[in-house]
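Structure file structure_32.txt; described as compact mmCIF, C-alpha atoms.
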```
# COMPACT_ATOMS: atom_id res chain seq x y z
CA MET A 103 -20.88 17.28 6.40
CA VAL A 104 -21.01 13.57 7.32
CA ASN A 105 -20.75 12.67 3.63
CA HIS A 106 -17.71 14.87 3.09
CA GLN A 107 -15.45 11.91 2.39
CA THR A 108 -17.73 10.30 -0.20
CA SER A 109 -18.92 13.23 -2.29
CA LYS A 110 -17.79 16.53 -3.67
CA TRP A 111 -18.40 19.02 -0.91
CA ALA A 112 -17.92 22.76 -1.33
CA GLY A 113 -18.28 23.70 2.34
CA ASP A 114 -14.62 24.25 3.24
CA ARG A 115 -13.66 27.89 3.79
CA PHE A 116 -10.64 27.93 1.49
CA ALA A 117 -11.60 25.21 -1.01
CA SER A 118 -11.65 27.57 -3.99
CA LEU A 119 -8.49 29.49 -3.08
CA GLY A 120 -5.79 26.82 -3.50
CA VAL A 121 -3.24 26.95 -6.30
CA TRP A 122 -4.61 23.68 -7.70
CA GLY A 123 -8.06 25.22 -8.14
CA THR A 124 -11.35 24.12 -6.65
CA PRO A 125 -11.22 20.37 -5.88
CA ASN A 126 -12.89 18.27 -8.57
CA GLY A 127 -11.94 14.78 -7.44
CA ARG A 128 -14.66 12.27 -6.67
CA ALA A 129 -13.27 11.72 -3.18
CA ASN A 130 -12.74 14.53 -0.69
CA PHE A 131 -11.76 13.39 2.77
CA CYS A 132 -12.55 14.71 6.22
CA GLU A 133 -9.49 16.95 6.54
CA GLU A 134 -10.37 20.57 5.80
CA ASP A 135 -9.09 21.76 2.42
CA TYR A 136 -6.26 24.32 2.16
CA VAL A 137 -6.42 25.20 5.85
CA ILE A 138 -2.61 25.08 6.34
CA THR A 139 -1.28 26.31 3.01
CA PHE A 140 -2.78 27.21 -0.35
CA TYR A 141 -0.25 24.88 -2.00
CA ILE A 142 -1.54 21.66 -0.38
CA ALA A 143 -5.25 20.82 -0.24
CA GLU A 144 -5.14 18.18 2.51
CA PHE A 145 -1.97 18.82 4.49
CA ILE A 146 -1.76 15.77 6.78
CA ASN A 147 -3.27 13.43 4.19
CA SER A 148 -0.51 14.59 1.84
CA ILE A 149 2.60 14.56 4.03
CA SER A 150 1.63 11.23 5.61
CA ASN A 151 2.44 9.68 2.22
CA PHE A 152 6.11 10.24 2.93
CA ALA A 153 5.83 7.06 5.01
CA TYR A 154 5.44 5.09 1.76
CA ILE A 155 8.29 7.00 0.13
CA TYR A 156 10.62 6.66 3.12
CA LEU A 157 10.06 2.91 3.53
CA ALA A 158 10.46 2.32 -0.21
CA LEU A 159 13.75 4.22 -0.28
CA LYS A 160 14.88 2.47 2.91
CA SER A 161 14.32 -0.87 1.17
CA ILE A 162 16.26 0.26 -1.89
CA PHE A 163 19.22 1.86 -0.10
CA PHE A 164 19.44 0.28 3.35
CA SER A 165 18.00 -3.23 3.19
CA ARG A 166 20.16 -6.31 3.67
CA ASN A 167 23.26 -6.20 1.41
CA ALA A 168 22.21 -2.81 -0.02
CA SER A 169 24.40 0.30 -0.13
CA LEU A 170 24.67 3.58 -2.01
CA THR A 171 26.69 1.78 -4.67
CA ARG A 172 24.65 -1.43 -4.65
CA LEU A 173 20.96 -0.66 -4.67
CA LYS A 174 18.34 -3.34 -3.95
CA ILE A 175 15.61 -2.30 -6.35
CA ASP A 176 12.68 -4.63 -6.92
CA PHE A 177 9.13 -4.33 -8.20
CA MET A 178 7.61 -4.10 -4.72
CA SER A 179 9.80 -1.24 -3.50
CA LEU A 180 9.16 0.72 -6.72
CA ALA A 181 5.40 0.12 -6.41
CA LEU A 182 5.48 1.41 -2.82
CA LEU A 183 7.45 4.47 -3.94
CA PHE A 184 5.05 5.27 -6.78
CA LEU A 185 2.07 4.82 -4.44
CA GLY A 186 3.51 7.40 -2.06
CA ILE A 187 4.13 9.87 -4.87
CA GLY A 188 0.75 9.29 -6.50
CA SER A 189 -1.20 9.54 -3.26
CA PHE A 190 0.70 12.68 -2.25
CA LEU A 191 -0.12 14.38 -5.54
CA PHE A 192 -3.80 13.52 -5.27
CA HIS A 193 -4.27 14.65 -1.67
CA ALA A 194 -2.23 17.79 -2.31
CA SER A 195 -4.39 18.76 -5.29
CA LEU A 196 -7.71 16.86 -5.02
CA ARG A 197 -7.74 16.87 -8.83
CA LYS A 198 -9.63 14.08 -10.60
CA THR A 199 -6.74 13.20 -12.95
CA LEU A 200 -4.35 12.69 -10.05
CA GLU A 201 -7.02 10.71 -8.22
CA PHE A 202 -6.67 8.10 -10.96
CA VAL A 203 -2.90 8.12 -10.41
CA ASP A 204 -3.48 7.37 -6.72
CA GLU A 205 -5.97 4.58 -7.43
CA LEU A 206 -3.91 2.94 -10.17
CA SER A 207 -0.79 3.03 -8.00
CA MET A 208 -2.74 1.10 -5.34
CA LEU A 209 -3.51 -1.55 -7.94
CA GLY A 210 0.17 -1.52 -8.88
CA LEU A 211 1.11 -2.26 -5.29
CA SER A 212 -1.19 -5.30 -5.14
CA TRP A 213 0.19 -6.44 -8.52
CA SER A 214 3.77 -6.25 -7.23
CA MET A 215 2.90 -8.38 -4.19
CA LEU A 216 1.06 -10.95 -6.30
CA ASP A 217 4.02 -11.11 -8.65
CA ALA A 218 6.44 -11.65 -5.77
CA VAL A 219 4.61 -14.55 -4.13
CA PHE A 220 3.43 -16.30 -7.31
CA THR A 221 6.91 -16.42 -8.86
CA ALA A 222 8.87 -17.14 -5.66
CA ASP A 223 8.71 -20.93 -5.95
CA ILE A 224 8.91 -21.29 -9.75
CA LYS A 225 12.34 -22.63 -10.63
CA ASN A 226 11.86 -22.85 -14.39
CA THR A 227 12.81 -19.51 -15.96
CA THR A 228 10.36 -19.82 -18.85
CA LYS A 229 7.44 -20.57 -16.53
CA ARG A 230 8.45 -17.73 -14.22
CA ARG A 231 8.53 -15.27 -17.11
CA ALA A 232 5.13 -16.55 -18.27
CA VAL A 233 3.66 -15.77 -14.83
CA HIS A 234 5.27 -12.30 -14.87
CA PHE A 235 3.79 -11.69 -18.31
CA GLY A 236 0.36 -13.09 -17.45
CA LEU A 237 0.05 -10.94 -14.34
CA ALA A 238 1.19 -7.87 -16.28
CA VAL A 239 -1.38 -8.43 -19.03
CA PHE A 240 -4.16 -9.00 -16.49
CA HIS A 241 -3.20 -5.91 -14.49
CA ILE A 242 -3.05 -3.65 -17.53
CA ALA A 243 -6.36 -4.99 -18.84
CA PHE A 244 -8.01 -4.55 -15.44
CA CYS A 245 -6.74 -0.97 -15.14
CA GLY A 246 -8.05 -0.31 -18.65
CA LEU A 247 -11.47 -1.67 -17.65
CA TYR A 248 -11.51 0.54 -14.58
CA LEU A 249 -10.56 3.67 -16.52
CA TYR A 250 -13.23 2.85 -19.11
CA THR A 251 -16.03 2.31 -16.58
CA VAL A 252 -14.77 4.74 -13.89
CA ASN A 253 -16.58 2.55 -11.38
CA ILE A 254 -14.74 2.74 -8.06
CA ILE A 255 -16.06 -0.66 -7.00
CA TYR A 256 -13.76 -2.29 -9.59
CA GLN A 257 -10.75 -0.56 -8.09
CA VAL A 258 -11.72 -1.54 -4.55
CA VAL A 259 -12.41 -5.17 -5.49
CA GLY A 260 -9.22 -5.34 -7.54
CA PHE A 261 -7.03 -3.97 -4.76
CA LEU A 262 -8.53 -5.96 -1.90
CA GLY A 263 -8.82 -9.10 -4.03
CA GLY A 264 -5.15 -8.89 -4.91
CA ILE A 265 -4.16 -8.48 -1.27
CA ILE A 266 -6.35 -11.42 -0.13
CA ILE A 267 -5.03 -13.73 -2.87
CA THR A 268 -1.49 -12.69 -1.93
CA GLY A 269 -2.22 -13.69 1.66
CA PHE A 270 -3.51 -17.14 0.73
CA LYS A 271 -0.58 -17.79 -1.59
CA SER A 272 1.87 -16.67 1.10
CA HIS A 273 0.28 -19.09 3.58
CA TYR A 274 0.60 -21.93 1.06
CA LEU A 275 4.20 -20.99 0.27
CA LEU A 276 5.11 -21.02 3.94
CA LYS A 277 3.59 -24.49 4.34
CA THR A 278 5.63 -25.83 1.42
CA LEU A 279 8.80 -24.34 2.87
CA LYS A 280 8.20 -26.35 6.05
CA GLY A 281 7.33 -29.49 4.11
CA ARG A 282 10.35 -29.76 1.82
CA ASN A 283 13.39 -31.96 2.30
CA GLU A 284 13.88 -32.75 6.00
CA ASP A 285 17.49 -31.56 6.01
CA SER A 286 16.80 -28.22 4.35
CA LYS A 287 13.31 -27.23 5.41
CA LEU A 288 12.48 -24.35 7.74
CA SER A 289 12.33 -25.19 11.42
CA GLU A 290 9.03 -24.70 13.24
CA GLY A 291 10.49 -21.67 15.01
CA GLU A 292 11.71 -20.03 11.81
CA ALA A 293 8.41 -20.68 10.06
CA GLN A 294 6.46 -19.31 13.02
CA LEU A 295 8.59 -16.17 13.03
CA LEU A 296 7.87 -15.56 9.34
CA SER A 297 4.18 -16.22 9.93
CA ASN A 298 4.08 -13.84 12.91
CA ARG A 299 5.74 -11.08 10.90
CA GLY A 300 3.19 -11.57 8.12
CA TRP A 301 0.27 -11.40 10.55
CA ASP A 302 1.77 -8.32 12.21
CA ALA A 303 1.69 -6.62 8.81
CA VAL A 304 -1.99 -7.57 8.42
CA TYR A 305 -2.94 -6.33 11.89
CA VAL A 306 -1.19 -2.98 11.43
CA SER A 307 -2.92 -2.44 8.09
CA LEU A 308 -6.32 -3.45 9.48
CA PHE A 309 -5.92 -0.99 12.35
CA GLY A 310 -5.23 1.74 9.81
CA TYR A 311 -8.35 0.70 7.91
CA LEU A 312 -10.37 0.85 11.15
CA LEU A 313 -9.20 4.41 11.81
CA TRP A 314 -10.10 5.44 8.27
CA ASN A 315 -13.60 4.02 8.72
CA ILE A 316 -14.04 5.85 12.02
CA GLU A 317 -13.24 9.06 10.17
CA PHE A 318 -15.57 7.98 7.37
CA MET A 319 -18.52 7.56 9.72
CA TYR A 320 -17.86 10.35 12.23
CA CYS A 321 -16.37 13.15 10.15
CA ALA A 322 -18.66 15.85 11.57
CA GLU A 323 -17.89 14.87 15.16
CA LEU A 324 -14.16 14.67 14.49
CA ARG A 325 -14.17 18.08 12.83
CA SER A 326 -15.92 19.62 15.79
CA MET A 327 -13.43 18.04 18.19
CA LYS A 328 -10.44 19.15 16.10
CA GLU A 329 -11.76 22.70 16.02
CA THR A 330 -11.96 22.65 19.81
CA LEU A 331 -8.49 21.19 20.27
CA GLY A 332 -6.76 23.43 17.73
CA LEU A 333 -3.48 22.83 15.95
CA PRO A 334 -1.17 20.98 16.21
CA VAL A 335 -3.02 18.59 18.59
CA ALA A 336 -5.91 18.26 16.12
CA TRP A 337 -3.54 16.65 13.61
CA ILE A 338 -3.53 13.50 15.75
CA PHE A 339 -7.14 12.94 14.70
CA GLU A 340 -6.56 13.09 10.95
CA PHE A 341 -7.27 9.38 10.71
CA HIS A 342 -6.88 9.04 6.93
CA GLY A 343 -3.29 10.19 7.41
CA TRP A 344 -2.82 7.39 9.94
CA TRP A 345 -4.20 4.98 7.32
CA HIS A 346 -1.34 6.04 5.05
CA VAL A 347 1.30 5.61 7.75
CA LEU A 348 0.03 2.28 9.05
CA THR A 349 -0.54 0.71 5.62
CA ALA A 350 2.93 1.85 4.60
CA ILE A 351 4.36 0.05 7.64
CA GLY A 352 2.21 -3.02 6.99
CA ALA A 353 3.05 -3.17 3.29
CA ALA A 354 6.78 -2.73 3.90
CA GLN A 355 6.69 -5.45 6.58
CA PHE A 356 4.92 -7.88 4.26
CA MET A 357 7.36 -7.11 1.46
CA ASP A 358 10.25 -8.06 3.73
CA VAL A 359 8.46 -11.33 4.55
CA ALA A 360 7.89 -12.04 0.84
CA ARG A 361 11.56 -11.38 0.10
CA ASP A 362 12.65 -13.66 2.94
CA MET A 363 10.36 -16.45 1.70
CA ARG A 364 11.76 -16.08 -1.81
CA GLN A 365 15.31 -16.19 -0.44
CA GLU A 366 14.45 -19.29 1.61
CA VAL A 367 13.06 -21.04 -1.48
CA ARG A 368 16.32 -20.38 -3.32
CA ARG A 369 18.38 -21.56 -0.35
CA GLN A 370 16.48 -24.83 -0.31
CA TRP A 371 17.02 -25.22 -4.06
CA GLU A 372 20.77 -24.83 -3.50
CA VAL A 373 20.77 -27.40 -0.70
CA LYS A 374 18.87 -29.88 -2.83
CA LYS A 375 21.24 -29.29 -5.76
CA LYS A 376 24.24 -30.26 -3.59
CA GLU A 377 22.69 -33.50 -2.40
```

Write out the structure in this file as structure tokens.
Amino acid sequence: MVNHQTSKWAGDRFASLGVWGTPNGRANFCEEDYVITFYIAEFINSISNFAYIYLALKSIFFSRNASLTRLKIDFMSLALLFLGIGSFLFHASLRKTLEFVDELSMLGLSWSMLDAVFTADIKNTTKRRAVHFGLAVFHIAFCGLYLYTVNIIYQVVGFLGGIIITGFKSHYLLKTLKGRNEDSKLSEGEAQLLSNRGWDAVYVSLFGYLLWNIEFMYCAELRSMKETLGLPVAWIFEFHGWWHVLTAIGAAQFMDVARDMRQEVRRQWEVKKKE
């Protein structure tokens, strides 16, 4: 039972009765399968993905200068939306095919963030398009390698590596924004605010990761406690669901920071042009 989240485990009472069939995904998390409805394998792990979907749609429809007639669609918001949909489908079905959709959409999210920060300060259109193209080719090739090997370590390294590189590039970008022309650069307070928002996104995501690892290590104990508590209180302790909610908040927060840095770069270009 402790290894429920890392291996195929047939111990759940209703695992073979769901409309999606007996789960055949490589991952099967601590939440009991089909205990709420035969239409959704992991209920909380599924509906918690609406956090990704909601925050993606909020960015598209209700971000700064957005409206129902003037949508603010960018690569990052679409990646967040597709991650929510892909992860929902996997946790609802626990089917191996949809597991790949979930995992590839995670790589797509890291790709979108890399693309945002690595093109933010490139003024030359040709160079910017070259970076877009290079990142796209690398991402597609990496996804192809992962699908060919089906080795989860590649997906984990690819996702976390992309996030870490994004963080370093964001830190460098923020330093350059403070170090540009004296009349147009960010003030210390403005730069600190951007930095704080970025770190807040990191901390929220790391807390979600901590909760997921607690569930990973203490699944049997959590299941016993949830059985004692009963529904709906037991839902509070579906920690993989909290991972979804908290990483959605963290990702959306970082995306706003990345957009603000990109906007600040362009503002400084305009100031310099007028000098």

- prompt: What is the CA of Asp362 (chain A) to CA of Cys245 (chain A) distance in Å?
  reply: 29.4 Å

Would you be able to write out as a JSON list (two decimals) with C-alpha atoms, keeping the file's coordinate frame which residues have an atom within 9 Å of (11.6, -16.3, 0.3) in the file's coordinates, counting all atoms listed in the file?
```json
[["chain", "number", "residue", "atom", "x", "y", "z"],
["A", 219, "VAL", "CA", 4.61, -14.55, -4.13],
["A", 222, "ALA", "CA", 8.87, -17.14, -5.66],
["A", 223, "ASP", "CA", 8.71, -20.93, -5.95],
["A", 275, "LEU", "CA", 4.20, -20.99, 0.27],
["A", 276, "LEU", "CA", 5.11, -21.02, 3.94],
["A", 279, "LEU", "CA", 8.80, -24.34, 2.87],
["A", 359, "VAL", "CA", 8.46, -11.33, 4.55],
["A", 360, "ALA", "CA", 7.89, -12.04, 0.84],
["A", 361, "ARG", "CA", 11.56, -11.38, 0.10],
["A", 362, "ASP", "CA", 12.65, -13.66, 2.94],
["A", 363, "MET", "CA", 10.36, -16.45, 1.70],
["A", 364, "ARG", "CA", 11.76, -16.08, -1.81],
["A", 365, "GLN", "CA", 15.31, -16.19, -0.44],
["A", 366, "GLU", "CA", 14.45, -19.29, 1.61],
["A", 367, "VAL", "CA", 13.06, -21.04, -1.48],
["A", 368, "ARG", "CA", 16.32, -20.38, -3.32],
["A", 369, "ARG", "CA", 18.38, -21.56, -0.35]]
```

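Coordinates place CA of Ala158 (chain A) at a distance of 9.7 Å from CA of Leu185 (chain A).
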
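With distances taken over all atoms listed in the file, A:Arg128 is the one residue among A:Ala238, A:Glu292, A:Arg128, A:Ile162 lying closest to Val252 (chain A).
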
- prompt: For Val233 (chain A), which of A:Leu216, A:Ala303, A:Leu119, A:Ala322 is the closest residue, counting all atoms listed in the file?
  reply: A:Leu216
